[in-house]
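A.B. asks: Sharing entry-v1.cif below, mmCIF, C-alpha atoms:
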data_coords
loop_
_atom_site.label_atom_id
_atom_site.label_comp_id
_atom_site.auth_asym_id
_atom_site.auth_seq_id
_atom_site.Cartn_x
_atom_site.Cartn_y
_atom_site.Cartn_z
CA MET Q 1 187.05 91.52 215.94
CA LYS Q 2 184.58 90.51 213.25
CA ILE Q 3 181.05 91.71 213.89
CA VAL Q 4 178.24 90.57 211.63
CA ILE Q 5 174.79 92.11 211.58
CA ILE Q 6 172.36 89.59 210.15
CA ASP Q 7 170.79 91.14 207.09
CA TYR Q 8 167.58 89.35 206.20
CA GLY Q 9 165.70 92.29 204.78
CA ALA Q 10 163.75 93.10 207.93
CA GLY Q 11 164.44 96.10 210.01
CA ASN Q 12 166.51 99.20 209.99
CA VAL Q 13 170.07 97.91 210.20
CA GLN Q 14 171.66 101.25 209.41
CA SER Q 15 171.18 102.67 212.91
CA VAL Q 16 172.96 99.65 214.43
CA MET Q 17 175.82 100.13 211.95
CA PHE Q 18 176.07 103.80 212.87
CA ALA Q 19 176.08 103.04 216.62
CA LEU Q 20 178.91 100.51 216.22
CA LYS Q 21 180.83 103.01 214.14
CA ARG Q 22 180.53 105.60 216.93
CA LEU Q 23 182.03 102.98 219.25
CA GLY Q 24 184.91 102.52 216.82
CA TYR Q 25 183.83 99.19 215.28
CA ASN Q 26 183.07 98.31 211.70
CA ALA Q 27 180.39 95.69 211.22
CA THR Q 28 179.53 93.63 208.16
CA LEU Q 29 175.99 93.19 206.94
CA SER Q 30 175.47 89.62 205.82
CA ASN Q 31 173.02 86.79 205.30
CA ASP Q 32 175.77 84.38 204.25
CA ALA Q 33 175.87 81.33 206.54
CA ASP Q 34 179.67 80.97 206.53
CA GLU Q 35 180.24 84.63 207.20
CA VAL Q 36 177.77 84.64 210.09
CA ARG Q 37 179.29 81.44 211.54
CA GLN Q 38 182.80 82.87 211.45
CA ALA Q 39 181.92 86.14 213.18
CA ASP Q 40 183.14 86.87 216.71
CA LYS Q 41 179.91 88.64 217.54
CA VAL Q 42 176.54 88.48 215.84
CA ILE Q 43 173.81 91.10 216.07
CA PHE Q 44 170.31 90.04 215.07
CA PRO Q 45 168.17 93.17 214.54
CA GLY Q 46 164.58 93.47 213.47
CA VAL Q 47 161.57 95.69 213.29
CA GLY Q 48 158.22 95.05 211.69
CA HIS Q 49 155.98 91.99 211.74
CA ALA Q 50 157.05 88.65 213.29
CA LYS Q 51 155.42 86.56 210.59
CA SER Q 52 157.03 88.28 207.60
CA ALA Q 53 160.40 88.43 209.39
CA MET Q 54 160.29 84.67 210.13
CA ASN Q 55 159.30 83.99 206.53
CA GLN Q 56 162.36 85.85 205.36
CA LEU Q 57 164.60 83.97 207.81
CA VAL Q 58 163.23 80.65 206.54
CA GLU Q 59 163.60 81.71 202.92
CA GLN Q 60 167.25 82.55 203.50
CA LYS Q 61 167.80 79.39 205.62
CA LEU Q 62 168.83 81.50 208.59
CA ASP Q 63 166.21 79.88 210.82
CA CYS Q 64 168.38 76.77 211.23
CA LEU Q 65 171.66 78.65 211.42
CA ILE Q 66 170.93 81.17 214.18
CA PRO Q 67 170.02 78.69 216.96
CA GLN Q 68 173.27 76.78 216.27
CA LEU Q 69 175.57 79.77 216.71
CA LYS Q 70 178.16 79.45 219.49
CA GLN Q 71 179.52 83.01 219.66
CA PRO Q 72 177.70 85.80 221.55
CA VAL Q 73 174.50 86.77 219.72
CA LEU Q 74 172.46 89.88 220.51
CA GLY Q 75 168.86 90.01 219.32
CA VAL Q 76 167.39 93.51 219.28
CA CYS Q 77 163.65 94.31 219.50
CA LEU Q 78 161.90 91.97 217.05
CA GLY Q 79 165.20 90.06 216.89
CA MET Q 80 164.82 89.21 220.58
CA GLN Q 81 161.20 88.17 220.09
CA LEU Q 82 162.11 85.93 217.15
CA MET Q 83 164.60 84.08 219.37
CA CYS Q 84 161.64 82.92 221.46
CA ALA Q 85 159.54 79.83 220.67
CA TYR Q 86 156.30 81.44 219.55
CA SER Q 87 154.85 84.90 218.90
CA GLY Q 88 151.20 85.88 219.12
CA GLU Q 89 151.91 88.30 216.29
CA GLY Q 90 150.56 86.44 213.27
CA GLU Q 91 150.59 83.22 215.38
CA THR Q 92 154.18 82.69 214.37
CA LYS Q 93 156.46 79.79 215.26
CA CYS Q 94 159.83 81.38 216.00
CA LEU Q 95 163.42 80.17 216.43
CA GLY Q 96 162.91 78.51 219.82
CA ILE Q 97 166.25 79.48 221.37
CA PHE Q 98 164.31 80.66 224.40
CA ASP Q 99 161.39 78.49 225.44
CA LEU Q 100 159.24 81.61 225.82
CA GLU Q 101 156.10 83.02 224.27
CA VAL Q 102 155.55 86.56 222.98
CA PHE Q 103 152.24 88.28 223.82
CA ARG Q 104 150.45 91.45 222.68
CA PHE Q 105 150.14 94.28 225.20
CA SER Q 106 146.67 94.76 226.67
CA GLU Q 107 144.53 97.33 224.84
CA GLU Q 108 144.37 99.29 228.10
CA ASN Q 109 147.75 100.63 226.99
CA LYS Q 110 148.46 102.62 223.89
CA ILE Q 111 149.87 100.31 221.22
CA PRO Q 112 152.59 100.52 220.04
CA LYS Q 113 154.47 101.46 223.17
CA ILE Q 114 156.84 104.18 222.02
CA GLY Q 115 159.34 106.02 224.17
CA TRP Q 116 161.83 105.93 227.02
CA ASN Q 117 161.28 103.56 229.93
CA ASN Q 118 163.49 102.87 232.94
CA ILE Q 119 164.92 99.36 233.27
CA VAL Q 120 165.54 97.55 236.58
CA GLY Q 121 166.82 94.24 237.94
CA LEU Q 122 169.88 94.40 235.72
CA GLU Q 123 171.91 91.19 235.60
CA THR Q 124 174.86 89.80 233.64
CA PRO Q 125 177.91 91.68 232.25
CA LEU Q 126 175.66 93.04 229.46
CA PHE Q 127 174.68 95.76 231.94
CA LYS Q 128 178.15 96.49 233.31
CA LYS Q 129 178.47 100.21 234.19
CA VAL Q 130 174.75 100.70 233.51
CA ASN Q 131 172.76 102.06 236.45
CA GLU Q 132 169.49 100.66 237.72
CA ASN Q 133 166.62 102.79 236.43
CA GLU Q 134 168.57 103.92 233.39
CA PHE Q 135 166.22 104.90 230.55
CA MET Q 136 166.10 102.95 227.30
CA TYR Q 137 164.14 103.61 224.11
CA PHE Q 138 161.36 101.10 223.38
CA VAL Q 139 159.13 100.70 220.32
CA HIS Q 140 156.96 97.59 220.39
CA SER Q 141 153.45 96.14 220.55
CA TYR Q 142 154.35 92.65 221.76
CA TYR Q 143 156.31 91.63 224.86
CA VAL Q 144 158.06 88.72 226.54
CA PRO Q 145 156.77 88.06 230.08
CA LEU Q 146 159.11 87.75 233.05
CA ALA Q 147 160.94 84.42 233.08
CA LYS Q 148 164.02 82.79 234.59
CA GLU Q 149 165.92 84.10 231.54
CA THR Q 150 164.99 87.73 232.33
CA ILE Q 151 168.03 89.95 232.95
CA ALA Q 152 166.29 93.34 232.87
CA GLN Q 153 162.71 94.42 233.50
CA ALA Q 154 160.47 97.20 232.24
CA ASN Q 155 156.88 98.12 232.99
CA TYR Q 156 153.92 98.94 230.76
CA GLY Q 157 150.74 98.04 232.57
CA ILE Q 158 152.57 94.86 233.55
CA THR Q 159 156.21 94.14 234.35
CA TYR Q 160 157.90 92.25 231.51
CA SER Q 161 161.31 91.27 230.12
CA ALA Q 162 163.36 94.21 228.84
CA ALA Q 163 166.24 91.81 228.22
CA ILE Q 164 166.78 88.03 228.31
CA HIS Q 165 169.81 85.75 228.38
CA LYS Q 166 170.56 82.06 227.85
CA ASP Q 167 174.01 80.62 227.18
CA ASN Q 168 175.57 82.71 224.37
CA PHE Q 169 172.26 84.36 223.41
CA TYR Q 170 171.19 87.81 224.61
CA GLY Q 171 168.10 89.73 223.68
CA CYS Q 172 167.10 93.37 224.25
CA GLN Q 173 163.53 94.50 223.75
CA PHE Q 174 164.70 98.12 223.72
CA HIS Q 175 166.97 99.68 221.11
CA PRO Q 176 170.45 100.08 222.63
CA GLU Q 177 171.59 101.80 219.42
CA LYS Q 178 169.00 104.55 220.05
CA SER Q 179 169.19 104.76 223.84
CA GLY Q 180 171.77 107.46 224.36
CA ASP Q 181 175.12 106.89 226.05
CA ALA Q 182 173.78 104.13 228.32
CA GLY Q 183 172.55 102.23 225.27
CA GLU Q 184 175.95 102.53 223.66
CA GLN Q 185 177.50 101.19 226.87
CA ILE Q 186 175.32 98.07 226.53
CA LEU Q 187 176.48 97.55 222.95
CA LYS Q 188 180.06 98.03 224.09
CA ASN Q 189 179.53 95.48 226.88
CA PHE Q 190 178.16 92.99 224.36
CA LEU Q 191 181.16 93.45 222.10
CA GLU Q 192 183.46 92.89 225.09
CA LEU Q 193 181.77 89.65 226.22
CA MET I 1 157.35 103.59 233.61
CA LEU I 2 157.00 105.04 230.12
CA THR I 3 157.92 108.71 230.19
CA LYS I 4 156.44 111.64 228.28
CA ARG I 5 158.65 112.69 225.39
CA ILE I 6 160.03 116.10 224.53
CA ILE I 7 160.73 116.35 220.82
CA SER I 8 162.75 119.02 219.10
CA CYS I 9 161.64 119.69 215.57
CA LEU I 10 164.07 120.91 212.94
CA ASP I 11 162.44 122.35 209.88
CA ILE I 12 164.79 121.91 206.95
CA LYS I 13 165.09 123.86 203.76
CA ASN I 14 168.07 123.46 201.44
CA GLY I 15 169.89 121.47 204.10
CA ARG I 16 169.59 124.18 206.76
CA THR I 17 167.34 124.51 209.79
CA VAL I 18 164.57 127.05 209.51
CA LYS I 19 161.54 127.97 211.56
CA GLY I 20 158.81 130.30 210.46
CA VAL I 21 155.92 131.93 212.24
CA ASN I 22 152.85 130.20 210.82
CA PHE I 23 155.22 128.63 208.27
CA VAL I 24 156.01 131.96 206.58
CA ASP I 25 159.03 134.31 207.08
CA LEU I 26 161.71 131.68 207.49
CA ILE I 27 164.65 132.42 209.78
CA ASP I 28 167.86 130.40 209.63
CA ALA I 29 168.55 128.76 212.98
CA GLY I 30 171.65 126.73 212.21
CA ASP I 31 173.21 123.58 210.89
CA PRO I 32 170.90 120.54 211.35
CA VAL I 33 173.66 118.08 212.28
CA GLU I 34 175.18 120.41 214.88
CA LEU I 35 171.75 121.16 216.30
CA ALA I 36 170.90 117.46 216.40
CA LYS I 37 174.03 116.70 218.42
CA LEU I 38 173.30 119.59 220.76
CA TYR I 39 169.70 118.50 221.42
CA SER I 40 170.78 114.92 221.93
CA LYS I 41 173.22 116.10 224.63
CA GLU I 42 170.71 118.46 226.22
CA GLY I 43 168.18 115.72 226.84
CA ALA I 44 165.75 115.82 223.93
CA ASP I 45 164.01 112.44 223.75
CA GLU I 46 163.63 112.47 220.01
CA LEU I 47 164.18 114.66 216.98
CA ILE I 48 162.01 115.29 213.96
CA PHE I 49 163.35 116.66 210.68
CA LEU I 50 160.71 118.13 208.43
CA ASP I 51 161.74 119.11 204.94
CA ILE I 52 159.09 121.80 204.82
CA SER I 53 159.69 122.84 201.27
CA ALA I 54 159.56 119.30 199.97
CA THR I 55 155.85 118.92 199.28
CA GLU I 56 155.64 122.27 197.61
CA GLU I 57 158.68 121.91 195.44
CA LYS I 58 158.24 118.19 194.86
CA ARG I 59 161.70 117.52 196.20
CA LYS I 60 162.83 114.37 197.91
CA THR I 61 164.00 114.73 201.49
CA LEU I 62 167.72 115.03 201.74
CA LEU I 63 169.03 111.51 202.18
CA ASP I 64 172.54 112.73 202.72
CA LEU I 65 171.47 114.85 205.68
CA VAL I 66 169.59 111.87 207.14
CA SER I 67 172.73 109.74 207.00
CA ARG I 68 174.87 112.44 208.60
CA VAL I 69 172.36 112.86 211.42
CA GLY I 70 172.13 109.10 211.92
CA GLU I 71 175.89 108.83 212.21
CA SER I 72 176.05 111.64 214.74
CA ILE I 73 173.31 111.02 217.31
CA ASN I 74 172.25 108.16 219.57
CA ILE I 75 168.57 109.02 220.04
CA PRO I 76 165.70 108.27 217.66
CA PHE I 77 164.75 110.60 214.86
CA THR I 78 161.92 110.94 212.38
CA VAL I 79 162.08 112.39 208.90
CA GLY I 80 159.16 113.95 207.05
CA GLY I 81 158.35 116.19 204.14
CA GLY I 82 157.30 115.28 200.63
CA ILE I 83 157.05 111.54 201.26
CA SER I 84 154.55 110.04 198.85
CA SER I 85 155.60 106.48 198.06
CA ILE I 86 156.89 103.20 199.46
CA GLU I 87 160.16 103.90 197.69
CA ASP I 88 160.58 107.27 199.48
CA VAL I 89 160.15 105.55 202.85
CA ASP I 90 162.46 102.70 201.94
CA LEU I 91 165.26 105.12 201.02
CA LEU I 92 164.85 107.19 204.20
CA LEU I 93 164.83 104.16 206.50
CA LYS I 94 167.85 102.71 204.72
CA ALA I 95 169.65 106.04 205.11
CA GLY I 96 169.20 105.72 208.89
CA ALA I 97 165.87 107.35 209.79
CA ASP I 98 164.04 105.51 212.57
CA LYS I 99 160.60 106.70 211.57
CA VAL I 100 159.02 108.64 208.75
CA SER I 101 156.30 111.24 208.99
CA ILE I 102 153.79 111.39 206.16
CA ASN I 103 151.31 114.18 205.71
CA SER I 104 149.60 115.39 202.52
CA ALA I 105 150.14 112.16 200.60
CA THR I 106 148.02 110.21 203.09
CA VAL I 107 145.09 112.56 202.63
CA LYS I 108 145.29 112.24 198.86
CA ASN I 109 145.84 108.49 199.07
CA PRO I 110 144.80 107.04 202.46
CA ASP I 111 145.69 103.49 201.35
CA LEU I 112 149.33 104.56 201.44
CA ILE I 113 149.15 104.29 205.25
CA ASN I 114 148.01 100.65 205.00
CA GLN I 115 150.70 99.85 202.46
CA LEU I 116 153.48 101.44 204.49
CA ALA I 117 152.36 99.83 207.75
CA ASP I 118 152.23 96.42 206.05
CA LYS I 119 155.66 96.79 204.51
CA PHE I 120 157.64 98.53 207.25
CA GLY I 121 155.53 98.02 210.40
CA SER I 122 153.33 100.57 212.16
CA GLN I 123 156.11 101.48 214.59
CA CYS I 124 157.94 103.59 212.01
CA ILE I 125 154.91 105.27 210.40
CA VAL I 126 154.01 108.65 211.87
CA VAL I 127 151.03 110.34 210.26
CA ALA I 128 151.27 114.12 210.53
CA ILE I 129 148.03 116.05 210.54
CA ASP I 130 147.84 119.83 210.18
CA ALA I 131 144.49 121.27 211.15
CA LYS I 132 142.77 124.48 212.07
CA GLN I 133 139.28 125.51 213.05
CA ILE I 134 136.89 126.78 210.42
CA ASN I 135 133.61 128.00 211.91
CA GLY I 136 134.44 126.20 215.12
CA LYS I 137 135.15 122.85 213.41
CA TRP I 138 138.62 121.32 213.19
CA LYS I 139 139.46 120.70 209.53
CA VAL I 140 142.51 118.96 208.09
CA HIS I 141 144.78 121.22 205.99
CA LEU I 142 147.38 120.36 203.37
CA VAL I 143 150.67 121.74 202.02
CA GLY I 144 152.03 123.16 205.27
CA GLY I 145 148.58 124.29 206.34
CA LYS I 146 147.86 126.35 203.26
CA VAL I 147 145.13 124.27 201.62
CA PRO I 148 141.94 123.52 203.58
CA THR I 149 140.01 120.28 203.14
CA GLU I 150 136.54 119.20 204.23
CA ILE I 151 138.03 116.38 206.32
CA ASP I 152 137.18 116.41 210.03
CA LEU I 153 140.33 116.21 212.18
CA PHE I 154 138.99 113.65 214.65
CA GLU I 155 137.44 111.35 212.06
CA TRP I 156 140.70 111.41 210.15
CA ALA I 157 142.71 110.62 213.31
CA VAL I 158 140.54 107.55 213.98
CA ASP I 159 140.87 106.49 210.35
CA VAL I 160 144.68 106.75 210.25
CA GLU I 161 144.90 104.60 213.41
CA LYS I 162 142.69 101.93 211.79
CA ARG I 163 144.87 102.01 208.70
CA GLY I 164 147.98 101.22 210.71
CA ALA I 165 149.64 104.49 211.70
CA GLY I 166 151.97 104.01 214.66
CA GLU I 167 151.75 107.60 215.88
CA ILE I 168 149.94 110.84 215.12
CA LEU I 169 151.74 114.17 214.98
CA PHE I 170 149.00 116.78 215.31
CA THR I 171 149.91 120.37 214.52
CA SER I 172 147.32 123.01 215.31
CA MET I 173 147.72 125.72 212.68
CA ASP I 174 145.70 128.01 214.94
CA ASN I 175 148.40 127.73 217.60
CA ASP I 176 151.54 127.26 215.53
CA GLY I 177 153.92 130.19 215.85
CA THR I 178 151.73 132.02 218.36
CA LYS I 179 153.64 130.93 221.50
CA SER I 180 150.32 130.94 223.32
CA GLY I 181 150.19 127.26 224.29
CA PHE I 182 149.17 123.96 222.67
CA ALA I 183 145.65 123.15 221.42
CA ASN I 184 144.98 121.19 224.61
CA GLU I 185 141.25 120.74 224.19
CA ALA I 186 141.54 119.26 220.70
CA LEU I 187 144.51 117.15 221.83
CA ALA I 188 142.53 115.77 224.79
CA LYS I 189 139.63 114.91 222.51
CA MET I 190 141.91 113.16 220.03
CA ASN I 191 143.65 111.33 222.86
CA SER I 192 140.31 109.93 224.04
CA LEU I 193 139.47 108.70 220.53
CA VAL I 194 142.64 106.88 219.46
CA ASN I 195 144.86 104.29 221.13
CA ILE I 196 148.19 105.16 219.48
CA PRO I 197 150.70 107.73 220.76
CA ILE I 198 149.98 111.38 219.96
CA ILE I 199 152.59 114.10 219.55
CA ALA I 200 151.35 117.62 220.29
CA SER I 201 152.69 120.36 218.04
CA GLY I 202 152.09 124.06 217.60
CA GLY I 203 151.96 126.82 220.15
CA ALA I 204 154.72 126.15 222.69
CA GLY I 205 156.03 129.46 224.09
CA ASN I 206 157.16 128.63 227.60
CA ILE I 207 157.65 125.79 230.08
CA GLN I 208 154.17 126.12 231.56
CA HIS I 209 152.64 125.40 228.15
CA PHE I 210 154.20 121.92 228.21
CA VAL I 211 152.99 121.30 231.77
CA ASP I 212 149.47 122.37 230.75
CA CYS I 213 149.58 120.22 227.62
CA PHE I 214 150.48 117.00 229.43
CA GLN I 215 148.14 117.69 232.36
CA GLU I 216 145.15 118.74 230.27
CA SER I 217 145.44 116.39 227.30
CA ASN I 218 147.61 113.52 228.59
CA VAL I 219 149.18 113.09 225.15
CA ASP I 220 152.43 111.15 224.85
CA ALA I 221 154.84 113.72 223.51
CA ALA I 222 155.15 117.43 222.90
CA LEU I 223 157.11 119.08 220.15
CA ALA I 224 158.62 122.51 219.69
CA ALA I 225 161.11 124.16 217.39
CA SER I 226 161.96 127.84 217.60
CA ILE I 227 161.85 128.16 221.39
CA PHE I 228 164.50 125.43 221.57
CA HIS I 229 166.53 126.76 218.64
CA PHE I 230 166.70 130.26 220.09
CA LYS I 231 167.22 128.92 223.65
CA GLU I 232 164.07 130.57 224.97
CA VAL I 233 163.35 127.26 226.68
CA GLU I 234 166.13 124.92 227.78
CA ILE I 235 165.14 121.27 227.51
CA ILE I 236 166.81 120.27 230.78
CA LYS I 237 164.98 123.00 232.72
CA LEU I 238 161.74 122.08 230.97
CA LYS I 239 162.07 118.44 231.97
CA LYS I 240 162.91 119.29 235.58
CA GLU I 241 159.78 121.42 235.78
CA LEU I 242 157.69 118.63 234.27
CA LYS I 243 159.07 116.28 236.92
CA ASN I 244 158.23 118.81 239.64
CA ASN I 245 154.68 118.64 238.33
CA MET I 246 154.62 114.84 238.69
CA ILE I 247 154.89 114.26 234.95
CA ALA I 248 157.20 111.30 234.25
CA VAL I 249 160.19 112.30 232.12
CA ARG I 250 163.63 110.93 231.31
CA LEU I 251 166.16 112.94 233.28
#
Please, can you express the file's structure as structure tokens?
C.D. replies:
Amino acid sequence: MKIVIIDYGAGNVQSVMFALKRLGYNATLSNDADEVRQADKVIFPGVGHAKSAMNQLVEQKLDCLIPQLKQPVLGVCLGMQLMCAYSGEGETKCLGIFDLEVFRFSEENKIPKIGWNNIVGLETPLFKKVNENEFMYFVHSYYVPLAKETIAQANYGITYSAAIHKDNFYGCQFHPEKSGDAGEQILKNFLEL
Amino acid sequence: MLTKRIISCLDIKNGRTVKGVNFVDLIDAGDPVELAKLYSKEGADELIFLDISATEEKRKTLLDLVSRVGESINIPFTVGGGISSIEDVDLLLKAGADKVSINSATVKNPDLINQLADKFGSQCIVVAIDAKQINGKWKVHLVGGKVPTEIDLFEWAVDVEKRGAGEILFTSMDNDGTKSGFANEALAKMNSLVNIPIIASGGAGNIQHFVDCFQESNVDAALAASIFHFKEVEIIKLKKELKNNMIAVRL
């Protein structure tokens, strides 16, 4: 199986590489269109600011490529948010795979949200063998509200999307690569889709 | 619900774990990678590696160790000690660190916080602050707590938030190594002044100290080192007791 982690200069890709390695898979880091297209599975990571990440995707012409992918794609954290249509962070037009908007948490909460939060309402094979209320590690200041695409929920002042799904695209707001054994199970499930 | 975090801190010198009382008299407490795996299994929510000799000896944090830890564990970890430039942070994040903790360099050059937050995002920038009371006033200290400054702890905490820090790791030098409990009053005051997560550090001696810390200061995380390394407090028992006290934890 060929796994490609999209390398566009944003985010800490090393921890995803390490997690896959622990599961017995070797992934390739790439921003090459052909290589990404030919992969069996694509992981789209990201941390940092939506605007600068989108700028880098555009610069490397990945903004047109990613929405056209047909194989299973997993967006993680900012990667998930960039798959939406628009982010309030830097008023950024995103990839538009999901017709959803990304909002900033209310200042009544500490921002960024950092830590372990239970997830509920788990749907799709992405959460096979993962229990309701399992804890995942979250680090973010912006969130995707609940929608018909929501396949897992978390709470931080409000209930929002911890994961979303549409066709071959999956997104996790939390970091499965940093969420203990249950997180690794989710990565394994994605690779087995 | 977001849970309170228990963080195990591994002080590193020459690639080995050490923990000193008030940062002096270092005692070897084991191999960092083995300890990291152990804590990950025992339910620690996060790990912090502090290369405590780095600032003093102008050494770079051990990138090799960071990679080996990253390969071995599936929970987040932060690396600190001697970080003074964008390049330092870049190398550590690329080696597999999830966050970096910056201390003295931010006091000497506060703009570094802005630069790092802009480049890497606030979420991976932890600003560590060592402080102790001088004539009843909390003052920021440098170089592992050895060098006092005139900077007020609380004003500095507000400033680092404004500059883009994602988290504050506050170590009370008055409490560190004493095993007499955290600096709950100062932590509560800081918690009321900033809107980013705060990690309490310095003073943990028993389970009740963690209960008191969360109940009295409501900070987001509490950190300890030696009591975990020498198994005086087991993390799983600690978290069960926190839960018994209605404090949300990951169990």
A.B. asks: Which residues, written as number ranges by chain, have at least one atom at most 12 Å from Asp88 of chain I, with only C-alpha atoms counted and residues fewer than 6 positions away on the same chain left out?
C.D. replies: I: 59-63, 79-82, 94-95, 97, 100-102, 105, 112, 116
A.B. asks: Applying 8 Å and only C-alpha atoms, which residues near segment 142-152 of chain I remain after dropping the ones on its own chain fewer than 2 positions away? List them as a ChimeraX atom specification.
C.D. replies: /I:23,52,55-56,103-104,130-131,137-140,154-156,173
A.B. asks: To verify the selection step, state as a list in words which residues the PyMOL selection byres ((chain Q) within 7 of (chain I)) yields on this input.
C.D. replies: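 This file gives the following for the PyMOL selection byres ((chain Q) within 7 of (chain I)): Asn12, Gln14, Ser15, Phe18, Gly48, His49, Lys110, Ile111, Pro112, Gly115, Trp116, Asn117, Asn118, Phe135, Val139, Asn155, Tyr156, Glu177, Lys178, Ser179 and Gly180 of chain Q.
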A.B. asks: Selected residues, C-alpha atoms, written as a tab-separated table (two decimals), in the frame of the given file, please.
C.D. replies:
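The result, stored in again_34.tsv:
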chain	number	residue	atom	x	y	z
Q	12	ASN	CA	166.51	99.20	209.99
Q	14	GLN	CA	171.66	101.25	209.41
Q	15	SER	CA	171.18	102.67	212.91
Q	18	PHE	CA	176.07	103.80	212.87
Q	48	GLY	CA	158.22	95.05	211.69
Q	49	HIS	CA	155.98	91.99	211.74
Q	110	LYS	CA	148.46	102.62	223.89
Q	111	ILE	CA	149.87	100.31	221.22
Q	112	PRO	CA	152.59	100.52	220.04
Q	115	GLY	CA	159.34	106.02	224.17
Q	116	TRP	CA	161.83	105.93	227.02
Q	117	ASN	CA	161.28	103.56	229.93
Q	118	ASN	CA	163.49	102.87	232.94
Q	135	PHE	CA	166.22	104.90	230.55
Q	139	VAL	CA	159.13	100.70	220.32
Q	155	ASN	CA	156.88	98.12	232.99
Q	156	TYR	CA	153.92	98.94	230.76
Q	177	GLU	CA	171.59	101.80	219.42
Q	178	LYS	CA	169.00	104.55	220.05
Q	179	SER	CA	169.19	104.76	223.84
Q	180	GLY	CA	171.77	107.46	224.36
A.B. asks: Find the distance between atom CA of Tyr25 of chain Q and atom CA of Gly183 of chain Q and write it in Å to one decimal.
C.D. replies: 15.4 Å
A.B. asks: Smallest atom-to-atom distance to Thr28 of chain Q: which of Q:Phe190, Q:Gly157, Q:Val4, Q:Gly9, using all atoms listed in the file?
C.D. replies: Q:Val4
A.B. asks: Evaluate the PyMOL selection byres ((chain Q and resi 100-106) around 7) here and jot the selected residues down as a ChimeraX atom specification.
C.D. replies: /Q:81,84-88,98-99,107-109,141-144
A.B. asks: Check which residues satisfy the PyMOL selection byres ((chain Q and resi 174) around 6) in the file shown, then give them as a list in words.
C.D. replies: Cys77, Tyr137, Phe138, Cys172, Gln173 and His175 of chain Q
